[in-house]
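Enquirer: Below is the file upload_25.txt, with compact mmCIF, N, CA and C atoms.
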```txt
# COMPACT_ATOMS: atom_id res chain seq x y z
N MET A 936 154.27 96.23 105.18
CA MET A 936 153.87 95.83 103.83
C MET A 936 153.03 96.96 103.23
N ASN A 937 153.34 97.33 101.99
CA ASN A 937 152.59 98.42 101.36
C ASN A 937 151.26 97.93 100.79
N ASP A 938 150.43 98.89 100.39
CA ASP A 938 149.09 98.57 99.87
C ASP A 938 149.14 97.65 98.66
N PHE A 939 150.13 97.87 97.80
CA PHE A 939 150.31 97.06 96.60
C PHE A 939 150.47 95.59 96.97
N LYS A 940 151.37 95.31 97.91
CA LYS A 940 151.62 93.92 98.31
C LYS A 940 150.43 93.32 99.06
N VAL A 941 149.75 94.13 99.85
CA VAL A 941 148.58 93.65 100.58
C VAL A 941 147.50 93.20 99.59
N LEU A 942 147.24 94.04 98.59
CA LEU A 942 146.21 93.70 97.60
C LEU A 942 146.64 92.51 96.76
N LEU A 943 147.90 92.45 96.36
CA LEU A 943 148.40 91.32 95.59
C LEU A 943 148.24 90.03 96.39
N ASN A 944 148.67 90.04 97.63
CA ASN A 944 148.54 88.84 98.48
C ASN A 944 147.09 88.45 98.70
N TYR A 945 146.23 89.44 98.84
CA TYR A 945 144.80 89.18 99.02
C TYR A 945 144.23 88.45 97.80
N ARG A 946 144.54 88.95 96.60
CA ARG A 946 144.03 88.32 95.38
C ARG A 946 144.61 86.92 95.19
N LEU A 947 145.88 86.75 95.48
CA LEU A 947 146.48 85.42 95.37
C LEU A 947 145.85 84.44 96.36
N LYS A 948 145.58 84.91 97.56
CA LYS A 948 144.94 84.07 98.57
C LYS A 948 143.52 83.71 98.14
N GLN A 949 142.80 84.67 97.58
CA GLN A 949 141.46 84.38 97.05
C GLN A 949 141.53 83.27 96.01
N ALA A 950 142.47 83.39 95.09
CA ALA A 950 142.61 82.39 94.03
C ALA A 950 142.95 81.02 94.62
N GLU A 951 143.89 80.99 95.53
CA GLU A 951 144.29 79.72 96.14
C GLU A 951 143.15 79.08 96.93
N ASP A 952 142.47 79.87 97.74
CA ASP A 952 141.36 79.33 98.53
C ASP A 952 140.23 78.81 97.65
N THR A 953 139.94 79.54 96.59
CA THR A 953 138.86 79.14 95.69
C THR A 953 139.22 77.87 94.94
N LEU A 954 140.47 77.74 94.55
CA LEU A 954 140.91 76.51 93.89
C LEU A 954 140.86 75.33 94.86
N LYS A 955 141.21 75.57 96.11
CA LYS A 955 141.09 74.51 97.12
C LYS A 955 139.62 74.10 97.29
N ASP A 956 138.72 75.07 97.23
CA ASP A 956 137.29 74.75 97.29
C ASP A 956 136.90 73.82 96.15
N ALA A 957 137.37 74.14 94.94
CA ALA A 957 137.05 73.30 93.78
C ALA A 957 137.59 71.90 93.96
N ASP A 958 138.80 71.80 94.47
CA ASP A 958 139.41 70.49 94.70
C ASP A 958 138.58 69.67 95.70
N LYS A 959 138.16 70.32 96.77
CA LYS A 959 137.34 69.63 97.77
C LYS A 959 136.00 69.20 97.16
N MET A 960 135.45 70.05 96.33
CA MET A 960 134.17 69.73 95.69
C MET A 960 134.31 68.50 94.79
N ILE A 961 135.45 68.36 94.13
CA ILE A 961 135.70 67.19 93.29
C ILE A 961 135.70 65.94 94.17
N ARG A 962 136.46 66.01 95.26
CA ARG A 962 136.54 64.85 96.18
C ARG A 962 135.19 64.50 96.79
N ASP A 963 134.34 65.51 96.98
CA ASP A 963 133.02 65.29 97.58
C ASP A 963 131.94 64.98 96.54
N ASN A 964 132.35 64.81 95.28
CA ASN A 964 131.44 64.48 94.19
C ASN A 964 130.31 65.49 94.00
N LEU A 965 130.63 66.76 94.13
CA LEU A 965 129.63 67.78 93.86
C LEU A 965 129.43 67.92 92.35
N THR A 966 128.48 68.72 91.96
CA THR A 966 128.13 68.84 90.55
C THR A 966 129.26 69.49 89.75
N PRO A 967 129.45 69.04 88.52
CA PRO A 967 130.48 69.66 87.67
C PRO A 967 130.27 71.17 87.52
N ARG A 968 129.03 71.59 87.45
CA ARG A 968 128.75 73.02 87.30
C ARG A 968 129.33 73.82 88.48
N SER A 969 129.17 73.32 89.68
CA SER A 969 129.69 74.01 90.87
C SER A 969 131.22 74.01 90.88
N ILE A 970 131.80 72.90 90.48
CA ILE A 970 133.26 72.79 90.45
C ILE A 970 133.84 73.75 89.41
N ILE A 971 133.23 73.81 88.25
CA ILE A 971 133.68 74.71 87.20
C ILE A 971 133.55 76.15 87.65
N ASN A 972 132.48 76.46 88.36
CA ASN A 972 132.29 77.82 88.89
C ASN A 972 133.44 78.21 89.80
N ARG A 973 133.84 77.33 90.71
CA ARG A 973 134.94 77.63 91.63
C ARG A 973 136.26 77.75 90.87
N ALA A 974 136.48 76.88 89.89
CA ALA A 974 137.71 76.94 89.10
C ALA A 974 137.76 78.25 88.30
N TYR A 975 136.63 78.66 87.75
CA TYR A 975 136.56 79.92 87.00
C TYR A 975 136.94 81.08 87.92
N TYR A 976 136.34 81.12 89.10
CA TYR A 976 136.64 82.22 90.01
C TYR A 976 138.09 82.19 90.48
N ALA A 977 138.66 81.03 90.64
CA ALA A 977 140.08 80.95 91.00
C ALA A 977 140.93 81.60 89.91
N MET A 978 140.61 81.31 88.66
CA MET A 978 141.35 81.92 87.54
C MET A 978 141.10 83.42 87.49
N PHE A 979 139.86 83.84 87.73
CA PHE A 979 139.52 85.26 87.72
C PHE A 979 140.35 86.02 88.75
N TYR A 980 140.42 85.50 89.98
CA TYR A 980 141.21 86.15 91.03
C TYR A 980 142.69 86.14 90.69
N ALA A 981 143.16 85.07 90.08
CA ALA A 981 144.57 84.99 89.69
C ALA A 981 144.90 86.03 88.62
N VAL A 982 143.99 86.25 87.69
CA VAL A 982 144.21 87.26 86.66
C VAL A 982 144.22 88.65 87.29
N LEU A 983 143.35 88.90 88.26
CA LEU A 983 143.38 90.19 88.95
C LEU A 983 144.72 90.38 89.66
N ALA A 984 145.26 89.31 90.25
CA ALA A 984 146.58 89.38 90.88
C ALA A 984 147.65 89.67 89.84
N LEU A 985 147.56 89.04 88.69
CA LEU A 985 148.51 89.28 87.61
C LEU A 985 148.50 90.74 87.20
N PHE A 986 147.31 91.33 87.08
CA PHE A 986 147.21 92.74 86.72
C PHE A 986 147.90 93.62 87.77
N ILE A 987 147.71 93.29 89.04
CA ILE A 987 148.34 94.05 90.11
C ILE A 987 149.86 93.92 90.02
N LYS A 988 150.33 92.68 89.87
CA LYS A 988 151.78 92.45 89.79
C LYS A 988 152.38 93.14 88.57
N SER A 989 151.64 93.18 87.48
CA SER A 989 152.12 93.81 86.24
C SER A 989 151.92 95.31 86.24
N GLU A 990 151.35 95.82 87.34
CA GLU A 990 151.09 97.25 87.49
C GLU A 990 150.19 97.80 86.41
N LEU A 991 149.23 96.99 85.98
CA LEU A 991 148.22 97.47 85.04
C LEU A 991 147.16 98.23 85.83
N ASP A 992 146.88 99.42 85.42
CA ASP A 992 145.89 100.24 86.10
C ASP A 992 144.53 100.00 85.45
N ILE A 993 143.85 98.95 85.90
CA ILE A 993 142.56 98.63 85.29
C ILE A 993 141.46 99.37 86.02
N LYS A 994 140.41 99.68 85.30
CA LYS A 994 139.30 100.44 85.87
C LYS A 994 138.01 99.63 85.92
N THR A 995 138.14 98.31 85.92
CA THR A 995 136.94 97.47 85.95
C THR A 995 137.19 96.24 86.80
N ALA A 996 136.12 95.74 87.38
CA ALA A 996 136.18 94.43 88.04
C ALA A 996 135.12 93.53 87.41
N LYS A 997 134.50 94.04 86.33
CA LYS A 997 133.51 93.24 85.62
C LYS A 997 134.23 92.15 84.84
N HIS A 998 133.62 91.00 84.81
CA HIS A 998 134.26 89.84 84.19
C HIS A 998 134.58 90.08 82.72
N ALA A 999 133.66 90.63 81.98
CA ALA A 999 133.90 90.88 80.56
C ALA A 999 135.06 91.86 80.36
N GLY A 1000 135.14 92.86 81.21
CA GLY A 1000 136.23 93.83 81.13
C GLY A 1000 137.57 93.21 81.46
N VAL A 1001 137.60 92.37 82.49
CA VAL A 1001 138.84 91.70 82.89
C VAL A 1001 139.31 90.75 81.79
N ILE A 1002 138.39 90.01 81.21
CA ILE A 1002 138.73 89.10 80.12
C ILE A 1002 139.27 89.88 78.93
N SER A 1003 138.63 90.99 78.61
CA SER A 1003 139.06 91.82 77.48
C SER A 1003 140.47 92.36 77.70
N ILE A 1004 140.74 92.84 78.91
CA ILE A 1004 142.07 93.37 79.22
C ILE A 1004 143.12 92.26 79.18
N PHE A 1005 142.79 91.10 79.73
CA PHE A 1005 143.71 89.96 79.69
C PHE A 1005 144.03 89.60 78.24
N ASP A 1006 143.00 89.53 77.40
CA ASP A 1006 143.22 89.22 75.98
C ASP A 1006 144.15 90.25 75.35
N LYS A 1007 143.85 91.53 75.58
CA LYS A 1007 144.62 92.61 74.96
C LYS A 1007 146.07 92.63 75.44
N GLU A 1008 146.27 92.46 76.75
CA GLU A 1008 147.61 92.61 77.33
C GLU A 1008 148.47 91.35 77.24
N TYR A 1009 147.85 90.18 77.21
CA TYR A 1009 148.63 88.94 77.30
C TYR A 1009 148.42 87.98 76.13
N ILE A 1010 147.22 87.78 75.71
CA ILE A 1010 146.96 86.79 74.65
C ILE A 1010 147.38 87.34 73.28
N ILE A 1011 146.86 88.50 72.93
CA ILE A 1011 147.14 89.07 71.61
C ILE A 1011 148.63 89.41 71.46
N THR A 1012 149.23 89.95 72.53
CA THR A 1012 150.65 90.34 72.47
C THR A 1012 151.59 89.16 72.63
N GLY A 1013 151.10 88.06 73.19
CA GLY A 1013 151.95 86.91 73.42
C GLY A 1013 152.83 87.03 74.65
N ILE A 1014 152.58 88.04 75.46
CA ILE A 1014 153.38 88.24 76.67
C ILE A 1014 153.05 87.16 77.69
N ARG A 1015 154.08 86.64 78.32
CA ARG A 1015 153.92 85.67 79.40
C ARG A 1015 154.43 86.32 80.67
N GLU A 1016 153.92 85.92 81.80
CA GLU A 1016 154.31 86.51 83.08
C GLU A 1016 155.81 86.46 83.31
N SER A 1017 156.45 85.39 82.89
CA SER A 1017 157.88 85.25 83.14
C SER A 1017 158.73 86.15 82.24
N GLN A 1018 158.11 86.75 81.24
CA GLN A 1018 158.85 87.62 80.34
C GLN A 1018 158.84 89.04 80.88
N ASN A 1019 159.76 89.84 80.44
CA ASN A 1019 159.86 91.22 80.85
C ASN A 1019 158.92 92.06 80.01
N ARG A 1020 157.92 92.66 80.63
CA ARG A 1020 156.93 93.47 79.93
C ARG A 1020 157.57 94.67 79.24
N SER A 1021 158.67 95.19 79.76
CA SER A 1021 159.24 96.40 79.20
C SER A 1021 159.81 96.18 77.79
N SER A 1022 159.99 94.93 77.39
CA SER A 1022 160.54 94.67 76.07
C SER A 1022 159.45 94.59 74.99
N TYR A 1023 158.22 94.86 75.37
CA TYR A 1023 157.10 94.78 74.44
C TYR A 1023 156.52 96.17 74.23
N PRO A 1024 155.97 96.41 73.05
CA PRO A 1024 155.33 97.71 72.82
C PRO A 1024 154.08 97.83 73.66
N PRO A 1025 153.68 99.06 73.98
CA PRO A 1025 152.46 99.25 74.79
C PRO A 1025 151.21 98.86 74.07
```
What is this file in C-alpha cells?
Expert:
Amino acid sequence: MNDFKVLLNYRLKQAEDTLKDADKMIRDNLTPRSIINRAYYAMFYAVLALFIKSELDIKTAKHAGVISIFDKEYIITGIRESQNRSSYPP
C-alpha cells in the first residue's frame, strides 16, 4: 500500500472511530457539548480524507484553514465527491 492510501485510510479510520465515540456518548447520556465535539472532529477528519482523495495539496491542518479550503473547493463551486472534479474549473 502506498503512502497516499495509508494516509487516506488513517484519516477515514479517525473519522469512523470518532463518530463511534459520539454514538457511544449519546447512548451513555453524556453532555451534548461533548457529543457535538466528537461529531465535529469526525467531520473534520472526513474532510481531511476528502482532500487526500481529491489530491488537494493543502498546507494547513488548522481548522479555520481546512474550513476555508472546503468552502472554496466544494461549497462555492458546488462540487460533490461523486462528481468528476476534472469537469470543473480550477
Enquirer: Please identify which residues in chain A DSSP calls helix (DSSP H, G or I) from the backbone, and express them as number ranges by chain.
Expert: A: 938-962, 967-988, 998-1010, 1020-1022
Enquirer: Which of these, A:Ser989, A:Asn937, A:Thr995, A:Thr953, has the shortest distance to Arg973 of chain A once you count only C-alpha atoms?
Expert: A:Thr953
Enquirer: Could you name the residues that touch Ala981 of chain A at 9 Å or less, counting only C-alpha atoms, but leaving out those on the same chain fewer than 4 positions away, as a VMD selection string?
Expert: chain A and resid 946 to 951 976 to 977 985 to 986
Enquirer: Any chance you can output those residues with N, CA and C atoms as an mmCIF file, in the coordinates of the input?
Expert:
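File again.cif, as written:
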```
data_model
loop_
_atom_site.group_PDB
_atom_site.id
_atom_site.type_symbol
_atom_site.label_atom_id
_atom_site.label_comp_id
_atom_site.auth_asym_id
_atom_site.auth_seq_id
_atom_site.Cartn_x
_atom_site.Cartn_y
_atom_site.Cartn_z
ATOM 1 N N ARG A 946 144.540 88.950 96.600
ATOM 2 C CA ARG A 946 144.030 88.320 95.380
ATOM 3 C C ARG A 946 144.610 86.920 95.190
ATOM 4 N N LEU A 947 145.880 86.750 95.480
ATOM 5 C CA LEU A 947 146.480 85.420 95.370
ATOM 6 C C LEU A 947 145.850 84.440 96.360
ATOM 7 N N LYS A 948 145.580 84.910 97.560
ATOM 8 C CA LYS A 948 144.940 84.070 98.570
ATOM 9 C C LYS A 948 143.520 83.710 98.140
ATOM 10 N N GLN A 949 142.800 84.670 97.580
ATOM 11 C CA GLN A 949 141.460 84.380 97.050
ATOM 12 C C GLN A 949 141.530 83.270 96.010
ATOM 13 N N ALA A 950 142.470 83.390 95.090
ATOM 14 C CA ALA A 950 142.610 82.390 94.030
ATOM 15 C C ALA A 950 142.950 81.020 94.620
ATOM 16 N N GLU A 951 143.890 80.990 95.530
ATOM 17 C CA GLU A 951 144.290 79.720 96.140
ATOM 18 C C GLU A 951 143.150 79.080 96.930
ATOM 19 N N TYR A 976 136.340 81.120 89.100
ATOM 20 C CA TYR A 976 136.640 82.220 90.010
ATOM 21 C C TYR A 976 138.090 82.190 90.480
ATOM 22 N N ALA A 977 138.660 81.030 90.640
ATOM 23 C CA ALA A 977 140.080 80.950 91.000
ATOM 24 C C ALA A 977 140.930 81.600 89.910
ATOM 25 N N LEU A 985 147.560 89.040 88.690
ATOM 26 C CA LEU A 985 148.510 89.280 87.610
ATOM 27 C C LEU A 985 148.500 90.740 87.200
ATOM 28 N N PHE A 986 147.310 91.330 87.080
ATOM 29 C CA PHE A 986 147.210 92.740 86.720
ATOM 30 C C PHE A 986 147.900 93.620 87.770
#
```
Enquirer: Check the smallest atom-to-atom distance from each of A:Val1001, A:Leu991, A:Ile961, A:Leu954 to Tyr975 of chain A using only C-alpha atoms, then report the winner.
Expert: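 Ranked by minimum distance to Tyr975 of chain A, first place goes to A:Leu954.
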Enquirer: To one decimal in Å, tell me the separation between atom CA of Asp938 of chain A and atom C of Asn972 of chain A.
Expert: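 One can read the atom CA of Asp938 of chain A to atom C of Asn972 of chain A distance as 27.6 Å.
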Enquirer: May I have the residues within 12 Å of Ile987 of chain A as a list in words, using only C-alpha atoms and disregarding those fewer than 5 positions away in the same chain?
Expert: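 My reading of the contact set: Asp938, Phe939, Lys940, Val941, Leu942, Leu943, Asn944, Tyr945, Arg946, Leu947, Tyr980, Ala981, Val982, Asp992, Ile993, Lys994 and Glu1016 of chain A.
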